[in-house]
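Here is run_30.csv, consisting of CSV, C-alpha atoms:
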```csv
chain,number,residue,atom,x,y,z
Q,450,MET,CA,140.1,-77.3,101.7
Q,451,LEU,CA,140.3,-79.8,98.8
Q,452,VAL,CA,137.2,-81.9,99.5
Q,453,GLY,CA,134.4,-81.0,97.0
Q,454,LYS,CA,136.8,-79.6,94.4
Q,455,VAL,CA,135.6,-80.4,90.9
Q,456,VAL,CA,138.1,-82.3,88.7
Q,457,ALA,CA,137.4,-82.6,85.0
Q,458,ILE,CA,138.6,-86.0,83.6
Q,459,ILE,CA,139.2,-85.6,79.8
Q,460,ASP,CA,140.3,-88.9,78.2
Q,461,ASP,CA,138.9,-90.8,75.2
Q,462,GLU,CA,139.2,-94.2,77.0
Q,463,SER,CA,136.1,-94.7,79.2
Q,464,LYS,CA,137.8,-97.4,81.4
Q,465,ILE,CA,140.5,-94.9,82.3
Q,466,ARG,CA,137.9,-92.2,83.1
Q,467,ASP,CA,135.8,-94.6,85.2
Q,468,THR,CA,138.9,-95.7,87.2
Q,469,ILE,CA,140.0,-92.2,87.9
Q,470,LYS,CA,136.5,-91.0,88.7
Q,471,SER,CA,135.9,-93.8,91.2
Q,472,TYR,CA,139.2,-93.1,93.0
Q,473,LEU,CA,138.8,-89.3,93.1
Q,474,GLN,CA,135.3,-89.6,94.4
Q,475,ASN,CA,136.5,-91.8,97.2
Q,476,GLU,CA,139.0,-89.1,98.0
Q,477,GLY,CA,136.2,-86.5,98.3
Q,478,PHE,CA,136.5,-84.9,94.9
Q,479,ASP,CA,133.6,-84.2,92.6
Q,480,THR,CA,134.1,-85.1,88.9
Q,481,VAL,CA,132.9,-84.2,85.4
Q,482,GLU,CA,134.0,-86.0,82.3
Q,483,GLY,CA,134.7,-85.5,78.6
Q,484,ASP,CA,136.2,-87.7,75.8
Q,485,ASP,CA,138.0,-85.2,73.7
Q,486,GLY,CA,139.5,-81.7,73.6
Q,487,VAL,CA,136.3,-80.1,72.4
Q,488,ALA,CA,134.5,-81.4,75.5
Q,489,ALA,CA,137.3,-80.0,77.7
Q,490,VAL,CA,136.9,-76.5,76.2
Q,491,LYS,CA,133.1,-76.6,76.6
Q,492,LEU,CA,133.4,-77.6,80.3
Q,493,VAL,CA,135.7,-74.7,81.0
Q,494,LYS,CA,133.3,-72.3,79.3
Q,495,ASN,CA,130.1,-73.7,80.8
Q,496,GLN,CA,130.8,-75.3,84.2
Q,497,THR,CA,132.7,-74.6,87.4
Q,498,VAL,CA,135.9,-76.7,87.3
Q,499,ASP,CA,138.8,-76.5,89.7
Q,500,LEU,CA,141.3,-78.6,87.8
Q,501,ILE,CA,141.5,-80.5,84.5
Q,502,LEU,CA,143.2,-83.8,83.8
Q,503,LEU,CA,143.8,-83.6,80.1
Q,504,ASP,CA,144.9,-86.6,78.0
Q,505,VAL,CA,147.2,-85.8,75.1
Q,506,MET,CA,146.2,-88.3,72.5
Q,507,MET,CA,142.5,-87.8,71.7
Q,508,PRO,CA,140.3,-87.6,68.6
Q,509,ASN,CA,138.7,-84.4,67.2
Q,510,MET,CA,140.9,-82.1,69.3
Q,511,ASP,CA,144.0,-83.5,71.0
Q,512,GLY,CA,145.3,-82.4,74.4
Q,513,PHE,CA,147.8,-79.9,73.2
Q,514,GLN,CA,145.1,-78.2,71.0
Q,515,ALA,CA,142.7,-78.2,73.9
Q,516,LEU,CA,145.4,-76.8,76.3
Q,517,ARG,CA,146.0,-73.9,73.9
Q,518,GLU,CA,142.2,-73.2,73.7
Q,519,ILE,CA,141.8,-73.4,77.5
Q,520,ARG,CA,144.7,-71.1,78.1
Q,521,SER,CA,143.2,-68.5,75.8
Q,522,ILE,CA,140.1,-68.6,78.1
Q,523,SER,CA,141.8,-69.0,81.5
Q,524,ARG,CA,145.5,-68.7,82.4
Q,525,LYS,CA,144.9,-69.7,86.0
Q,526,MET,CA,143.0,-73.0,85.4
Q,527,PRO,CA,145.1,-75.8,86.9
Q,528,ILE,CA,145.9,-78.4,84.2
Q,529,ILE,CA,147.7,-81.7,84.5
Q,530,MET,CA,148.5,-83.5,81.2
Q,531,LEU,CA,148.0,-87.2,81.0
Q,532,THR,CA,150.3,-88.8,78.4
Q,533,ALA,CA,151.3,-92.3,77.3
Q,534,LYS,CA,154.4,-90.7,75.8
Q,535,SER,CA,157.5,-90.6,77.8
Q,536,GLU,CA,159.6,-88.4,75.5
Q,537,GLU,CA,160.9,-85.3,77.2
Q,538,ILE,CA,159.9,-83.1,74.2
Q,539,ASP,CA,156.2,-83.9,74.8
Q,540,LYS,CA,156.5,-83.1,78.5
Q,541,LEU,CA,158.3,-79.8,77.8
Q,542,LEU,CA,155.9,-78.9,75.0
Q,543,GLY,CA,153.0,-79.2,77.5
Q,544,LEU,CA,154.8,-77.1,80.1
Q,545,GLU,CA,155.7,-74.4,77.5
Q,546,MET,CA,152.0,-74.2,76.4
Q,547,GLY,CA,151.0,-73.6,80.0
Q,548,ALA,CA,150.3,-77.0,81.7
Q,549,ASP,CA,151.0,-77.0,85.4
Q,550,ASP,CA,152.2,-80.6,85.5
Q,551,TYR,CA,152.2,-83.9,83.6
Q,552,ILE,CA,152.0,-87.5,84.5
Q,553,THR,CA,152.9,-90.4,82.3
Q,554,LYS,CA,150.7,-93.5,81.8
Q,555,PRO,CA,150.6,-95.9,83.4
Q,556,PHE,CA,150.4,-94.1,86.7
Q,557,SER,CA,149.3,-95.1,90.2
Q,558,MET,CA,146.1,-93.5,91.5
Q,559,ARG,CA,147.9,-92.5,94.7
Q,560,GLU,CA,150.5,-90.6,92.7
Q,561,LEU,CA,147.8,-88.9,90.6
Q,562,VAL,CA,145.9,-87.8,93.7
Q,563,ALA,CA,149.1,-86.4,95.2
Q,564,ARG,CA,149.8,-84.4,92.0
Q,565,ILE,CA,146.2,-83.1,92.0
Q,566,LYS,CA,146.3,-82.0,95.6
Q,567,THR,CA,149.7,-80.3,95.1
Q,568,VAL,CA,148.6,-78.4,92.0
Q,569,LEU,CA,145.4,-77.3,93.7
Q,570,ARG,CA,147.2,-76.1,96.8
Q,571,ARG,CA,149.6,-74.0,94.9
Q,572,SER,CA,146.8,-72.5,92.8
Q,573,GLU,CA,145.4,-70.8,95.9
Q,574,PRO,CA,146.9,-67.9,97.8
Q,575,ASP,CA,149.0,-68.9,100.8
Q,576,SER,CA,146.8,-68.3,103.9
Q,577,THR,CA,149.8,-67.8,106.1
Q,578,GLU,CA,150.8,-64.7,104.1
Q,579,ASP,CA,149.8,-61.2,105.3
Q,580,PRO,CA,146.4,-60.6,103.6
Q,581,ASP,CA,147.3,-57.0,103.0
Q,582,GLU,CA,150.9,-57.5,101.9
Q,583,LEU,CA,152.1,-56.3,98.6
Q,584,ILE,CA,155.4,-57.0,97.0
Q,585,ILE,CA,156.5,-54.1,94.8
Q,586,ARG,CA,159.6,-54.5,92.6
Q,587,GLY,CA,159.9,-51.7,90.2
Q,588,PRO,CA,156.9,-51.9,87.8
Q,589,ILE,CA,155.9,-55.3,89.1
Q,590,GLU,CA,153.3,-55.4,91.9
Q,591,ILE,CA,152.3,-58.7,93.5
Q,592,ASN,CA,149.2,-58.8,95.7
Q,593,LEU,CA,149.5,-61.8,98.0
Q,594,ASN,CA,145.9,-61.6,99.1
Q,595,THR,CA,144.2,-61.3,95.7
Q,596,TYR,CA,146.7,-63.5,93.9
Q,597,GLU,CA,147.2,-60.8,91.3
Q,598,VAL,CA,150.3,-59.7,89.5
Q,599,LYS,CA,150.5,-56.3,87.7
Q,600,LEU,CA,153.1,-55.0,85.4
Q,601,ASN,CA,153.0,-51.2,84.9
Q,602,GLY,CA,149.4,-51.4,86.2
Q,603,THR,CA,148.3,-54.0,83.7
Q,604,LEU,CA,147.1,-57.3,85.1
Q,605,LEU,CA,149.1,-60.4,84.1
Q,606,SER,CA,147.8,-63.8,83.5
Q,607,LEU,CA,150.2,-66.2,85.3
Q,608,THR,CA,149.7,-69.9,85.8
Q,609,PRO,CA,149.9,-71.1,89.5
Q,610,THR,CA,153.4,-72.4,89.0
Q,611,GLU,CA,154.6,-69.1,87.4
Q,612,TYR,CA,153.0,-67.2,90.2
Q,613,LYS,CA,154.7,-69.2,92.9
Q,614,ILE,CA,158.1,-68.9,91.2
Q,615,LEU,CA,157.8,-65.2,90.9
Q,616,VAL,CA,156.7,-64.7,94.5
Q,617,THR,CA,159.6,-66.8,95.8
Q,618,LEU,CA,162.2,-64.9,93.8
Q,619,ALA,CA,160.7,-61.4,94.3
Q,620,GLN,CA,160.3,-61.8,98.1
Q,621,LYS,CA,164.1,-61.9,98.4
Q,622,PRO,CA,165.9,-59.9,95.6
Q,623,GLY,CA,169.5,-60.9,95.1
Q,624,ARG,CA,169.1,-64.3,96.7
Q,625,VAL,CA,170.1,-67.1,94.5
Q,626,TYR,CA,167.7,-70.1,94.3
Q,627,SER,CA,168.7,-73.4,92.9
Q,628,ARG,CA,166.3,-75.2,90.5
Q,629,LEU,CA,165.6,-77.7,93.2
Q,630,GLN,CA,164.7,-74.9,95.7
Q,631,LEU,CA,162.4,-73.3,93.3
Q,632,MET,CA,160.8,-76.6,92.4
Q,633,ASN,CA,160.2,-77.4,96.1
Q,634,SER,CA,158.7,-73.9,96.6
Q,635,ALA,CA,156.5,-73.9,93.6
Q,636,MET,CA,155.5,-77.6,93.3
Q,637,GLY,CA,156.5,-79.4,96.5
Q,638,GLU,CA,159.2,-81.9,97.4
Q,639,ALA,CA,157.5,-84.7,95.6
Q,640,PHE,CA,158.6,-83.1,92.3
Q,641,ALA,CA,162.3,-83.0,93.1
Q,642,ASN,CA,163.1,-85.2,90.1
Q,643,TYR,CA,161.5,-82.8,87.7
Q,644,GLU,CA,163.7,-79.8,88.6
Q,645,ARG,CA,164.8,-79.1,85.0
Q,646,SER,CA,161.2,-78.3,84.1
Q,647,ILE,CA,161.7,-75.1,86.2
Q,648,ASP,CA,163.6,-73.7,83.2
Q,649,THR,CA,160.5,-74.0,81.0
Q,650,HIS,CA,158.3,-72.3,83.6
Q,651,VAL,CA,160.9,-69.5,84.1
Q,652,SER,CA,161.1,-69.0,80.3
Q,653,ASN,CA,157.3,-68.6,80.1
Q,654,LEU,CA,157.4,-66.2,83.1
Q,655,ARG,CA,160.0,-64.1,81.5
Q,656,LYS,CA,157.9,-63.7,78.3
Q,657,LYS,CA,155.2,-62.1,80.5
Q,658,VAL,CA,157.3,-59.8,82.8
Q,659,GLU,CA,160.4,-58.9,80.8
Q,660,LYS,CA,160.6,-56.3,77.9
Q,661,ASP,CA,163.3,-58.4,76.4
Q,662,PRO,CA,163.3,-62.0,77.7
Q,663,ALA,CA,166.7,-62.7,76.1
Q,664,HIS,CA,168.2,-59.9,78.3
Q,665,PRO,CA,166.1,-60.1,81.5
Q,666,GLU,CA,165.9,-57.1,83.9
Q,667,PHE,CA,164.1,-59.0,86.7
Q,668,ILE,CA,164.7,-62.7,86.6
Q,669,HIS,CA,168.4,-63.5,86.2
Q,670,THR,CA,170.1,-66.8,85.5
Q,671,VAL,CA,172.9,-67.8,87.7
Q,672,TYR,CA,174.7,-70.3,85.5
Q,673,GLY,CA,175.3,-73.7,87.0
Q,674,ILE,CA,173.1,-72.9,90.0
Q,675,GLY,CA,169.6,-71.4,89.3
Q,676,TYR,CA,167.9,-68.0,89.4
Q,677,ARG,CA,167.7,-64.8,91.3
Q,678,PHE,CA,165.6,-61.6,91.2
Q,679,GLY,CA,167.5,-58.4,90.4
Q,680,GLU,CA,168.5,-56.4,93.5
Q,681,ASN,CA,168.1,-53.0,91.8
Q,682,THR,CA,164.5,-53.4,90.8
```
Full structure transcribed into structure tokens:
Amino acid sequence: MLVGKVVAIIDDESKIRDTIKSYLQNEGFDTVEGDDGVAAVKLVKNQTVDLILLDVMMPNMDGFQALREIRSISRKMPIIMLTAKSEEIDKLLGLEMGADDYITKPFSMRELVARIKTVLRRSEPDSTEDPDELIIRGPIEINLNTYEVKLNGTLLSLTPTEYKILVTLAQKPGRVYSRLQLMNSAMGEAFANYERSIDTHVSNLRKKVEKDPAHPEFIHTVYGIGYRFGENT
């Protein structure tokens, strides 16, 4: 249920905040606002927020700095970066730092709402899954009910996208998934044109679950195709 979810709109341009606020409220969302990265961090610390729209270019503390601070507080907070830059390096930097998605200005309100709904849905456990089901692959334990992942008994902090990718791969060890298949599973068909960003999410995931990310034991690359989870784990 997405109605009543609280979206934080962090942008230094008041007209943009007002436009997004009006549209989101008409869609049934509640909103809070901030005009720089410092405000974003304070909101995460002091208020209940379900998703953050975080502009990149802002005074005092820019979006990348705020993203780093927020991720030190919460790895699971859904974050969508708003950027006027279209360079691929900026998009990948945001993903590498833990953003769940990005959208380039100017964007349509309809597309923005679709992105928000998709990120929020994948940040919640799948209600169709067995509430008592565990996926155990060697030292990795995934609880599909509590949305928790443990490695050797230690709780990991995964972003919603990383969690969905890991679940998809771990449910069927040995099966090869293309980047497009993983993108559809983790982010939905609307993101098919962004399938190369899966590489960044997988790289981040490996840093959390592999002893040596350069020589992965669990998440293997199938060159020219995509990824698979090791069969012997």
Up to 8 Å from (139.8, -72.8, 76.2) in the file's coordinates: name the residues, counting only C-alpha atoms, as an mmCIF file with C-alpha atoms, in the coordinates of the input.
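That gives us point.cif:
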```
data_model
loop_
_atom_site.group_PDB
_atom_site.id
_atom_site.type_symbol
_atom_site.label_atom_id
_atom_site.label_comp_id
_atom_site.auth_asym_id
_atom_site.auth_seq_id
_atom_site.Cartn_x
_atom_site.Cartn_y
_atom_site.Cartn_z
ATOM 1 C CA ALA Q 489 137.300 -80.000 77.700
ATOM 2 C CA VAL Q 490 136.900 -76.500 76.200
ATOM 3 C CA LYS Q 491 133.100 -76.600 76.600
ATOM 4 C CA VAL Q 493 135.700 -74.700 81.000
ATOM 5 C CA LYS Q 494 133.300 -72.300 79.300
ATOM 6 C CA ALA Q 515 142.700 -78.200 73.900
ATOM 7 C CA LEU Q 516 145.400 -76.800 76.300
ATOM 8 C CA ARG Q 517 146.000 -73.900 73.900
ATOM 9 C CA GLU Q 518 142.200 -73.200 73.700
ATOM 10 C CA ILE Q 519 141.800 -73.400 77.500
ATOM 11 C CA ARG Q 520 144.700 -71.100 78.100
ATOM 12 C CA SER Q 521 143.200 -68.500 75.800
ATOM 13 C CA ILE Q 522 140.100 -68.600 78.100
ATOM 14 C CA SER Q 523 141.800 -69.000 81.500
#
```
I'd like a table as a Markdown table: residues in range 495-595 of chain Q with an atom no more than 12 Å from range 655-658 of chain Q, each row giving the shortest atom pair and its distance in Å to one decimal, all atoms listed in the file counted, sorted by chain and rising residue number.
```
| residue | atom | partner | partner_atom | distance |
| --- | --- | --- | --- | --- |
| Q:Arg524 | CA | Q:Lys657 | CA | 11.9 |
| Q:Glu545 | CA | Q:Lys656 | CA | 11.0 |
| Q:Arg586 | CA | Q:Val658 | CA | 11.4 |
| Q:Gly587 | CA | Q:Val658 | CA | 11.3 |
| Q:Pro588 | CA | Q:Val658 | CA | 9.4 |
| Q:Ile589 | CA | Q:Val658 | CA | 7.9 |
| Q:Glu590 | CA | Q:Val658 | CA | 10.9 |
| Q:Ile591 | CA | Q:Val658 | CA | 11.9 |
```
Surrounding residues of His669 in chain Q excluding itself and chain neighbours under 4 positions, 7 Å, all atoms listed in the file, as a list of chain:residue names: Q:Pro665, Q:Tyr676, Q:Arg677, Q:Phe678, Q:Gly679
Point-to-point distance from CA of Asp485 in chain Q to CA of Val456 in chain Q, Å rounded to tenths: 15.3 Å
From Q:Leu569, Q:Ile552, Q:Ile674, Q:Leu615, residue lying nearest Glu597 in chain Q [all atoms listed in the file]: Q:Leu615
Within 12 Å of Leu618 in chain Q using all atoms listed in the file, minus same-chain residues under 3 positions, as a count of residues only: 33
Between CA of Asn633 in chain Q and CA of Val568 in chain Q - distance in Å to one decimal: 12.3 Å
As a compact mmCIF listing (two decimals) with C-alpha atoms, in the coordinates of the input, please: the residues near Val505 in chain Q (cut-off 7 Å, all atoms listed in the file, same-chain neighbours under 6 positions excluded).
```
# COMPACT_ATOMS: atom_id res chain seq x y z
CA ASP Q 511 144.00 -83.50 71.00
CA GLY Q 512 145.30 -82.40 74.40
CA PHE Q 513 147.80 -79.90 73.20
CA MET Q 530 148.50 -83.50 81.20
CA LEU Q 531 148.00 -87.20 81.00
CA THR Q 532 150.30 -88.80 78.40
```
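Put simply, CA of Ala548 in chain Q is 15.3 Å away from CA of Lys566 in chain Q.
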Which residue of Q:Gly543, Q:Asn601, Q:Ile465, Q:Leu473 approaches Gln514 in chain Q most closely, using all atoms listed in the file: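 Once distances to Gln514 in chain Q are computed over all atoms listed in the file, the minimum belongs to Q:Gly543.
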Counting all atoms listed in the file, the residue of Q:Pro527, Q:Pro662, Q:Gly477, Q:Gly673 that sits nearest Pro609 in chain Q: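 Under the stated criterion, the closest residue is Q:Pro527.
Compared by their closest atoms to Ser652 in chain Q, and using all atoms listed in the file, the residues Q:Arg570, Q:Arg559, Q:His664, Q:Glu462 rank with Q:His664 nearest.
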Distance criterion (only C-alpha atoms): nearest to Leu583 in chain Q out of Q:Thr595, Q:Pro555, Q:Gln496, Q:Glu476: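 So, comparing all the options, the nearest one is Q:Thr595.
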Nearest to Asp499 in chain Q, chosen from Q:Ser572, Q:Gln474, Q:Thr608, Q:Asn592, with all atoms listed in the file counted in the distances: Q:Ser572
